[in-house]
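Read the structure below first, then the notes.
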Amino acid sequence: MEWKRRSGRLLAVGMLLFGLLVTTAFLRTNFSLFLPVAEELEFVFQLMVAGTVVAILRNEAGMSTFGVFGPVILAFSWVILGPFWGFLTVAYVFVVSALARVAISDLDLGTAHRVASLLVVAAIGLFVLEAVGQLQNIPSLQSALIFPIVITAWYAERFVGSVDETGWPPAARRLGATLVAIAAGYAIVSYEPLISFVIHTPETWVALVALNIFLGAVTETRLSEYVRFRAIRRSLGSKRPGEILTMRVRNREFVGKYNPRSVMGAFDKEKMKKTLHGLSIPTPQTYLVAEGQSDFDELRELLAETDKLAIKPMGGSGGRGILVVRGRDDATGEFLTNRGRMDLDGVVTHTRNICVGGVADYGARTKAIVEAFITPEKMLADRTTGGVPDLRVITLQGFPVMAMVRLPTEESDGTANIHSGAVAVAVDIETGESSGGYQQTHDRFIDAHPDTGASLEFTIPNWDDVLATACRGAIASNLGYTGVDIVFDEEAGPMILEINRRPGLGIQNANMAGLLRRLRFVEANGEPDQFRSAEERVERAQEWARTNWETLAKPPAERDARTEMPPTEVSQ
């Protein structure tokens, strides 16, 4: 099946390139007729080159920018206005739009009206810019382009939204990468000899398509990943660098292979919760799935009975849009939340805002899940200053292969997101013992929590049962490759909070071990056990961990069966 799929893809690519080559041959034969048109449409060829440059920065260098088309279009505005006025115009509109975005943040307008408001503000800013250009006779300001202005306003929307959800450092890094991509695109497309060569050489048009296809297909490690995992690479040495799982390999060979789009699309948070509840797999109680007005009325009634719960977007990730209600101030009646004090209307409005697309990219409508509040068990909670610690277990075919505990910090604003500053603590698959922490935002290994000074050495109680719970959730999801998040409630014990379809790669730094080697080992040795129970898969994975994922132990059932056979049966 895999061979047929690859053959089909190669055939499609071959047909595309063949068609382009035929077109190029025709153009080359009759180029004297087409050259005047090509020279008149210089921007088309600038677009070809700039798009390729931005793609290389994103895919090969690993820079996270606000899209691909946006930096290309803004680079064109710099070509027209010049780098100084181009940057000044973009910065002006960005600042005006960002200030407007901050001013209306607390109004919960929903994405559609919020973005429309920013477009109006950007249009007013554009008018002022043009007026100043005409009154002061500044030609560059009179050439401001509306489309780049619209994109800049959208960047301001996304930047402020990112700051609200992930904090300043990640948002600033992404904005900085976007500016670098714009500058690189401008530098390339403004180099006339290169663009002239592309215009006069139709063969380069096909070459650019082939280059993008080739790089997209063969690149396995981004430049940023060499930097991100440099400590592991030094530890593994020059003979074993291929043990590290990179984003491209994860997406292509594990997410793409084991998590079919049909399953991923159907298995949202609501489906996950229904599945876990239905199979009696521990998970926080679900009070309500909100979508319409009747649900918001039901939420009001619920808040009259309880003052502790969590509200999450159905398709959210990285903590975006989550509202945690931790209690109520009896004197004022206000709810105490992770977003400050809110009255009843404020909580309901936030929930409604989730449903109408207020926290989703591009304003997509969604649902909000209202579930029970987690009171963290003391062993992990006492090591932090707040928030809910959790355990991430990576599984393949239902086998646990790597684990870490994520401890919130003040820097992460109480979330367990390691990209925002939470501490990742390696946990041994065999024993459940921790072995020191890693803080990704500072690229440092630590032995104590940065806020509390608490030791990062501990052992998770009932470790085998905890792993079995994670594996049962992974098996129930029908996803072959998962990251199962488990929280430890003070009363209910370990519960599955989330089953991630594209788990991140930072767990490798925490464990100072490459994930790819373990995944390949499971692929080679786990297939015969795919019908075994979660407990049996845990036992098998722990045997592999005991031998450092290098020696294949006999399956437990086979070993036990041989041990129990009478000698006469063996001799037969």
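Naming scheme: A, B, ... for chains in displayed order of the structure tokens; residues 1 onward per chain; ligands 1 onward as shown.
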Can you check which parts of segment 368-421 of chain A lie within 10 Å of segment 169-192 of chain A? Per residue, the shortest pair of atoms and distance in Å to one decimal, counting only C-alpha atoms, sorted by chain and number, as a tab-separated table.
```
residue	atom	partner	partner_atom	distance
A:His419	CA	A:Pro170	CA	7.4
A:Ser420	CA	A:Pro170	CA	7.2
A:Gly421	CA	A:Pro169	CA	9.5
```
**Prompt:** So which residues touch segment 216-231 of chain A within 12 Å, counting only C-alpha atoms, skipping near sequence neighbours fewer than 3 positions away, as a PyMOL selection string?
**Reply:** chain A and resi 6+9-10+13+52+55-64+209-213+234-238+241-253+438+440-445+505-515
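Proximity ranking of A:Ile486, A:Val538, A:Met314, A:Leu194 relative to Pro400 of chain A places A:Val538 first, based on only C-alpha atoms.
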**Message:** Can you tell me which residues surround segment 333-341 of chain A at a distance of at most 9 Å, considering only C-alpha atoms, apart from same-chain residues fewer than 2 positions away, and format the answer as an MDAnalysis selection string?
**Reply:** chainID A and resid 307:308 322:331 343:344 346:347 387 413:414
**Prompt:** Could you name the residues that touch segment 425-435 of chain A at 8 Å or less, counting only C-alpha atoms, but leaving out those on the same chain fewer than 3 positions away, as number ranges by chain?
**Reply:** A: 400-407, 438, 456-461, 463, 507, 510-511, 541-543, 545-546
**Request:** Write out as number ranges by chain each polymer residue whose atoms come within 9 Å of Met495 of chain A, counting only C-alpha atoms; drop sequence neighbours fewer than 2 positions from it.
**Result:** A: 281-284, 466, 469-470, 485-489, 492-493, 497
**Request:** Using only C-alpha atoms, determine which residues lie at most 10 Å from Val115 of chain A, disregarding the query and same-chain residues fewer than 2 positions distant; provide the list as a PyMOL selection string.
**Result:** chain A and resi 97+101+109-113+117-121+153-154+156-158+362-363
**Asked** Nearest to Gly315 of chain A: which of A:Leu20, A:Leu74, A:Leu126, A:Cys355 is it, counting only C-alpha atoms?
**Response** A:Cys355
**Request:** Can you work out the spacing between atom CA of Cys471 of chain A and atom CA of Leu391 of chain A in Å, to one decimal?
**Result:**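 Separation of atom CA of Cys471 of chain A and atom CA of Leu391 of chain A: 12.9 Å.
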**Request:** Excluding segment 201-207 of chain A and residues on its chain fewer than 2 positions from it, collect all residues at most 9 Å away from it, counting only C-alpha atoms, and give them as number ranges by chain.
**Result:** A: 17, 20-21, 24-25, 27-28, 31, 45, 48, 196-199, 209-212
**Sel. of alpha helix (DSSP H) residues, segment 281-500 of chain A, as a VMD selection string** = chain A and resid 293 to 305 344 to 355 378 to 381 463 to 477
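We find atom CA of Ala116 of chain A and atom CA of Ile80 of chain A to be spaced 26.6 Å apart.
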**Fill in**
Counting only C-alpha atoms, closest pick from A:Thr375, A:Ser455, A:Ser477, A:Asn525 relative to Asp390 of chain A is A:Thr375
**Prompt:** From the list A:Ser294, A:Gln439, A:Thr23, A:Asn353, which residue is nearest Ser105 of chain A when using only C-alpha atoms?
**Reply:** A:Asn353
